[in-house]
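Text of start_14.txt, listed as compact mmCIF, C-alpha atoms:
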# COMPACT_ATOMS: atom_id res chain seq x y z
CA GLU S 1 13.84 0.45 -2.84
CA ILE S 2 15.03 -2.83 -4.32
CA VAL S 3 13.02 -3.85 -7.34
CA LEU S 4 12.55 -7.57 -7.94
CA THR S 5 11.93 -8.64 -11.53
CA GLN S 6 10.52 -12.09 -12.06
CA SER S 7 10.61 -14.04 -15.29
CA PRO S 8 8.73 -15.37 -16.99
CA THR S 9 5.49 -13.62 -16.10
CA THR S 10 3.46 -16.64 -17.12
CA MET S 11 4.36 -20.09 -18.32
CA ALA S 12 2.86 -23.51 -18.87
CA ALA S 13 4.67 -26.77 -18.25
CA SER S 14 3.82 -30.38 -19.00
CA PRO S 15 3.77 -33.01 -16.25
CA GLY S 16 7.33 -34.19 -15.66
CA GLU S 17 8.90 -31.10 -17.21
CA LYS S 18 11.62 -29.16 -15.42
CA VAL S 19 10.61 -25.60 -14.51
CA THR S 20 12.81 -22.65 -13.56
CA ILE S 21 11.55 -19.28 -12.36
CA THR S 22 13.99 -16.42 -12.01
CA CYS S 23 13.99 -13.41 -9.70
CA ARG S 24 16.47 -10.61 -10.35
CA ALA S 25 17.11 -7.86 -7.82
CA SER S 26 18.05 -4.30 -8.68
CA SER S 27 20.67 -4.44 -5.91
CA SER S 28 22.38 -7.28 -4.17
CA VAL S 29 20.39 -9.07 -1.46
CA SER S 30 21.57 -11.61 1.09
CA TYR S 31 18.77 -14.11 0.63
CA MET S 32 15.65 -14.63 -1.42
CA HIS S 33 12.36 -16.05 -0.20
CA TRP S 34 9.59 -17.58 -2.25
CA PHE S 35 5.86 -17.91 -1.77
CA GLN S 36 3.23 -19.95 -3.55
CA GLN S 37 -0.26 -18.58 -3.99
CA LYS S 38 -3.28 -20.33 -5.43
CA SER S 39 -6.39 -18.49 -6.49
CA GLY S 40 -8.45 -17.16 -3.60
CA THR S 41 -5.97 -18.12 -0.92
CA SER S 42 -3.19 -16.42 1.03
CA PRO S 43 0.43 -16.75 -0.06
CA LYS S 44 2.19 -19.69 1.52
CA PRO S 45 5.85 -19.72 2.48
CA TRP S 46 7.60 -22.02 0.04
CA ILE S 47 11.34 -21.47 0.08
CA TYR S 48 13.18 -19.34 2.63
CA ASP S 49 16.78 -18.18 2.95
CA THR S 50 17.28 -18.87 -0.77
CA SER S 51 17.32 -22.67 -0.61
CA LYS S 52 15.49 -23.99 2.45
CA LEU S 53 12.15 -25.64 1.80
CA ALA S 54 9.27 -24.65 4.04
CA SER S 55 7.50 -27.37 5.94
CA GLY S 56 5.52 -29.65 3.68
CA VAL S 57 7.06 -28.49 0.42
CA PRO S 58 7.92 -31.40 -1.87
CA ASP S 59 11.60 -32.01 -2.49
CA ARG S 60 11.13 -31.63 -6.24
CA PHE S 61 11.36 -27.91 -5.43
CA SER S 62 14.69 -26.22 -4.93
CA GLY S 63 16.04 -22.71 -4.66
CA SER S 64 19.38 -21.23 -5.48
CA GLY S 65 21.17 -18.02 -6.26
CA SER S 66 23.14 -15.18 -4.78
CA GLY S 67 23.66 -11.46 -5.12
CA THR S 68 21.14 -10.20 -7.64
CA SER S 69 20.03 -13.42 -9.28
CA TYR S 70 17.92 -16.15 -7.71
CA SER S 71 15.81 -18.99 -8.98
CA LEU S 72 13.16 -21.47 -7.98
CA THR S 73 13.28 -24.81 -9.76
CA ILE S 74 10.83 -27.68 -9.99
CA SER S 75 12.62 -30.82 -11.10
CA SER S 76 9.50 -32.51 -12.41
CA MET S 77 6.28 -30.55 -12.80
CA GLU S 78 3.12 -31.90 -11.21
CA ALA S 79 -0.44 -30.65 -11.56
CA GLU S 80 -0.55 -29.49 -7.96
CA ASP S 81 2.35 -27.12 -8.62
CA ALA S 82 0.18 -24.89 -10.80
CA ALA S 83 0.08 -21.59 -8.92
CA THR S 84 1.59 -18.13 -8.83
CA TYR S 85 5.02 -17.85 -7.27
CA TYR S 86 6.39 -14.66 -5.74
CA CYS S 87 9.87 -13.81 -4.57
CA LEU S 88 10.49 -11.57 -1.56
CA GLN S 89 13.61 -9.79 -0.35
CA ARG S 90 14.00 -8.94 3.33
CA SER S 91 17.56 -7.62 3.07
CA SER S 92 16.67 -4.00 2.57
CA TYR S 93 13.80 -1.90 3.82
CA PRO S 94 11.13 -1.61 2.54
CA PHE S 95 10.77 -5.30 1.87
CA THR S 96 9.70 -5.88 -1.71
CA PHE S 97 8.02 -8.64 -3.67
CA GLY S 98 8.44 -9.70 -7.25
CA SER S 99 5.46 -9.27 -9.55
CA GLY S 100 4.81 -12.98 -9.66
CA THR S 101 5.12 -15.88 -12.08
CA LYS S 102 1.93 -17.69 -12.99
CA LEU S 103 2.68 -21.33 -13.65
CA GLU S 104 0.08 -23.43 -15.41
CA ILE S 105 -0.07 -27.12 -16.25
CA LYS S 106 -0.30 -28.11 -19.91
CA GLN Q 107 -1.96 -24.34 15.87
CA VAL Q 108 -0.88 -20.88 14.81
CA GLN Q 109 -3.66 -18.85 13.25
CA LEU Q 110 -4.11 -15.27 12.14
CA GLN Q 111 -7.80 -14.54 11.80
CA GLN Q 112 -8.70 -11.35 9.99
CA SER Q 113 -11.93 -9.40 10.05
CA GLY Q 114 -14.48 -9.40 7.27
CA ALA Q 115 -14.71 -7.62 3.96
CA GLU Q 116 -15.23 -3.88 3.94
CA LEU Q 117 -17.13 -1.65 1.55
CA ALA Q 118 -16.22 1.99 2.12
CA LYS Q 119 -16.87 5.34 0.51
CA PRO Q 120 -14.10 7.55 -0.84
CA GLY Q 121 -12.70 9.80 1.87
CA SER Q 122 -13.70 7.50 4.71
CA SER Q 123 -11.59 5.18 6.89
CA VAL Q 124 -11.66 1.50 7.70
CA LYS Q 125 -10.03 -0.45 10.50
CA ILE Q 126 -9.27 -4.11 9.93
CA SER Q 127 -8.11 -6.59 12.51
CA CYS Q 128 -5.81 -9.58 12.73
CA LYS Q 129 -6.33 -11.82 15.76
CA ALA Q 130 -3.49 -14.19 16.58
CA SER Q 131 -3.75 -17.51 18.34
CA GLY Q 132 -1.65 -20.58 18.96
CA TYR Q 133 1.54 -18.79 19.94
CA THR Q 134 2.87 -16.05 22.22
CA PHE Q 135 1.60 -12.94 20.49
CA THR Q 136 4.30 -10.58 21.70
CA SER Q 137 7.11 -12.85 20.50
CA TYR Q 138 6.59 -12.00 16.84
CA TYR Q 139 6.03 -8.76 14.97
CA ILE Q 140 3.06 -8.52 12.62
CA SER Q 141 3.47 -7.19 9.10
CA TRP Q 142 0.78 -5.99 6.72
CA ILE Q 143 0.75 -6.53 2.97
CA LYS Q 144 -1.46 -5.12 0.22
CA GLN Q 145 -2.39 -7.18 -2.84
CA THR Q 146 -3.92 -5.83 -5.99
CA THR Q 147 -4.20 -7.28 -9.46
CA GLY Q 148 -2.24 -4.40 -10.92
CA GLN Q 149 0.48 -3.81 -8.32
CA GLY Q 150 0.87 -7.32 -6.96
CA LEU Q 151 2.10 -7.61 -3.37
CA GLU Q 152 3.21 -4.46 -1.56
CA TYR Q 153 4.73 -4.30 1.90
CA ILE Q 154 2.97 -1.78 4.11
CA GLY Q 155 4.93 -2.05 7.35
CA TYR Q 156 5.12 -3.80 10.65
CA ILE Q 157 4.24 -3.40 14.29
CA ASN Q 158 6.23 -4.58 17.26
CA THR Q 159 3.52 -6.45 19.12
CA GLY Q 160 5.32 -6.04 22.43
CA SER Q 161 6.11 -2.33 22.42
CA GLY Q 162 3.65 -1.08 19.82
CA GLY Q 163 6.48 0.45 17.84
CA THR Q 164 5.86 0.72 14.14
CA ASN Q 165 7.74 1.02 10.89
CA TYR Q 166 6.09 1.97 7.61
CA ASN Q 167 6.97 1.75 3.97
CA GLU Q 168 7.24 5.40 2.93
CA LYS Q 169 4.55 4.80 0.34
CA PHE Q 170 2.00 4.04 3.06
CA LYS Q 171 2.90 6.72 5.60
CA GLY Q 172 -0.21 8.76 6.23
CA LYS Q 173 -2.37 6.07 4.67
CA ALA Q 174 -1.97 3.19 7.12
CA THR Q 175 -1.85 3.30 10.90
CA LEU Q 176 -0.85 0.15 12.75
CA THR Q 177 -1.86 -0.52 16.33
CA VAL Q 178 -2.01 -3.49 18.65
CA ASP Q 179 -4.07 -4.71 21.60
CA LYS Q 180 -1.95 -7.14 23.56
CA SER Q 181 -4.82 -8.11 25.84
CA SER Q 182 -6.68 -9.66 22.91
CA SER Q 183 -3.64 -10.65 20.82
CA THR Q 184 -4.96 -8.52 17.99
CA ALA Q 185 -3.23 -6.25 15.54
CA PHE Q 186 -5.10 -3.55 13.69
CA MET Q 187 -4.57 -1.52 10.56
CA GLN Q 188 -6.54 1.64 9.89
CA LEU Q 189 -6.62 2.95 6.35
CA SER Q 190 -7.63 6.59 6.04
CA SER Q 191 -8.73 9.02 3.33
CA LEU Q 192 -9.69 6.11 1.17
CA THR Q 193 -9.60 6.31 -2.62
CA PRO Q 194 -10.40 3.67 -5.24
CA ASP Q 195 -6.64 2.92 -5.38
CA ASP Q 196 -6.92 1.55 -1.85
CA SER Q 197 -9.26 -1.19 -3.05
CA ALA Q 198 -7.29 -4.38 -2.48
CA VAL Q 199 -6.91 -7.46 -0.36
CA TYR Q 200 -4.97 -6.74 2.81
CA TYR Q 201 -3.08 -9.46 4.63
CA CYS Q 202 -1.41 -9.65 7.99
CA ALA Q 203 1.54 -11.98 8.32
CA ARG Q 204 3.83 -13.03 11.12
CA ARG Q 205 7.40 -11.85 10.97
CA PRO Q 206 10.25 -12.45 10.57
CA TYR Q 207 9.67 -15.27 8.13
CA PHE Q 208 6.11 -14.50 6.96
CA ASP Q 209 5.42 -18.07 7.95
CA TYR Q 210 1.77 -17.53 8.80
CA TRP Q 211 -0.71 -15.30 6.99
CA GLY Q 212 -4.23 -14.21 7.68
CA GLN Q 213 -6.91 -15.11 5.18
CA GLY Q 214 -6.99 -11.57 3.82
CA VAL Q 215 -9.54 -8.77 3.96
CA MET Q 216 -11.01 -7.39 0.77
CA VAL Q 217 -11.48 -3.65 0.98
CA THR Q 218 -13.59 -2.07 -1.73
CA VAL Q 219 -13.71 1.70 -2.04
CA SER Q 220 -16.63 2.89 -4.08
CA SER Q 221 -19.20 5.64 -4.00

When written as structure tokens, how does the structure in this file appear?
Amino acid sequence: EIVLTQSPTTMAASPGEKVTITCRASSSVSYMHWFQQKSGTSPKPWIYDTSKLASGVPDRFSGSGSGTSYSLTISSMEAEDAATYYCLQRSSYPFTFGSGTKLEIK
Amino acid sequence: QVQLQQSGAELAKPGSSVKISCKASGYTFTSYYISWIKQTTGQGLEYIGYINTGSGGTNYNEKFKGKATLTVDKSSSTAFMQLSSLTPDDSAVYYCARRPYFDYWGQGVMVTVSS
């Protein structure tokens, strides 16, 4: 099973600040996918195939990476971006999720 | 619009079973597999497995073999997951999601196992 390690576990960013969340895989994966979850709601698809934004996702978000290291970046933090972000790998069965990064607004 | 509507919260006793449902609408049900995901505060998101909504074929994460049983009723566009021999460790929110991109999720079902 591929283990996904996200960092940081929690963080707080000021409005306008650049934010980077990292997801490291224990073995190489072809793509990484990201989900946003707010309290009491289901995860929402956010970034798929490493760098493609899901429908409705603001273009201040971007994704990048390859092999065992991937990242989600927010170019300029906004209050509505406060949420927990999870990475997911679908390259190897069983699919696995990262443990999540809780992002808060300062 | 695409929707996955899950059944309501369950309170179950240790050793019992529960069966939760996921009713799809807004698309051709048999064109997409349905996956199931477990979410707990401690373990985060865990992938349980998937069901081929056309053939009924299933694939399980080894961790959930013997715990989860996935079935489907094509006539009602509904996928089901039965959880058996429940223990407090099975207390969680369970989601269904449409594969392959997990682009639509149900609202989640909270299962609480307590005597």

Quiz item: With distances taken over all atoms listed in the file, which of S:Thr50, S:Ser39, S:Ser7, S:Ser75 is nearest to Leu88 of chain S?
Solution: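 Using all atoms listed in the file, Leu88 of chain S sits closest to S:Thr50.
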
Exercise. Rounded to one decimal place, report the atom CA of Ser26 of chain S-atom CA of Gly65 of chain S distance in Å.
Key: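 Between these atoms lies a distance of 14.3 Å.
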
Self-check item: Contacts of segment 194-207 of chain Q at 7 Å (all atoms listed in the file; same-chain gap of 5+ positions) as a PyMOL selection string
Solution: chain Q and resi 120+128+138-146+212-220

Self-check item: Two-atom distance - atom CA of Thr193 of chain Q, atom CA of Lys173 of chain Q (Å)
Solution: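 One can read the atom CA of Thr193 of chain Q to atom CA of Lys173 of chain Q distance as 10.3 Å.
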
Exercise. Determine, counting all atoms listed in the file, which protein, DNA and RNA residues have an atom within 6 Å of an atom of Met77 of chain S; residues of the same chain fewer than 6 positions away are not included. Present the result as a PyMOL selection string.
Key: chain S and resi 15-17

How big is the axis-aligned box around the listed atoms of segment 199-213 of chain Q once 6 Å is added on each side, and where is its centre? Give both in Å to one decimal, as JSON.
{"center_x": 1.7, "center_y": -12.4, "center_z": 5.4, "size_x": 29.2, "size_y": 23.3, "size_z": 23.5}

Quiz item: Within 7 Å of chain S, which residues of chain Q show up when using all atoms listed in the file, listed as a VMD selection string?
Solution: chain Q and resid 150 to 153 167 208 to 209 211 213 to 214

Quiz item: Using only C-alpha atoms, can you list as an NGL selection string the residues within 12 Å of (-2.7, -1.6, 10.3)?
Solution: :Q and (112 or 123-128 or 140-144 or 153-159 or 162 or 164-166 or 170-179 or 184-190 or 200-203 or 215)

Quiz item: Between S:Ser14, S:Gln36, S:Thr22, S:Ser71, which one has atoms that come closest to Ser51 of chain S, using all atoms listed in the file?
Solution: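 Of S:Ser14, S:Gln36, S:Thr22, S:Ser71, the one nearest Ser51 of chain S, counting all atoms listed in the file, is S:Ser71.
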
Exercise. Tell me which of Q:Lys180, Q:Gly163, Q:Leu192, Q:Tyr210 sits closest to Gln107 of chain Q, counting only C-alpha atoms.
Key: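 Using only C-alpha atoms, Gln107 of chain Q sits closest to Q:Tyr210.
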
Practice problem: Determine, counting only C-alpha atoms, which protein, DNA and RNA residues have an atom within 8 Å of an atom of Ser27 of chain S; residues of the same chain fewer than 6 positions away are not included. Present the result as a list of chain:residue names. | Solution: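 Listed by chain and then number, they are S:Ile2, S:Val3, S:Gly67, S:Thr68.
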
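Separating atom CA of Val19 of chain S from atom CA of Thr147 of chain Q is a distance of 24.1 Å.
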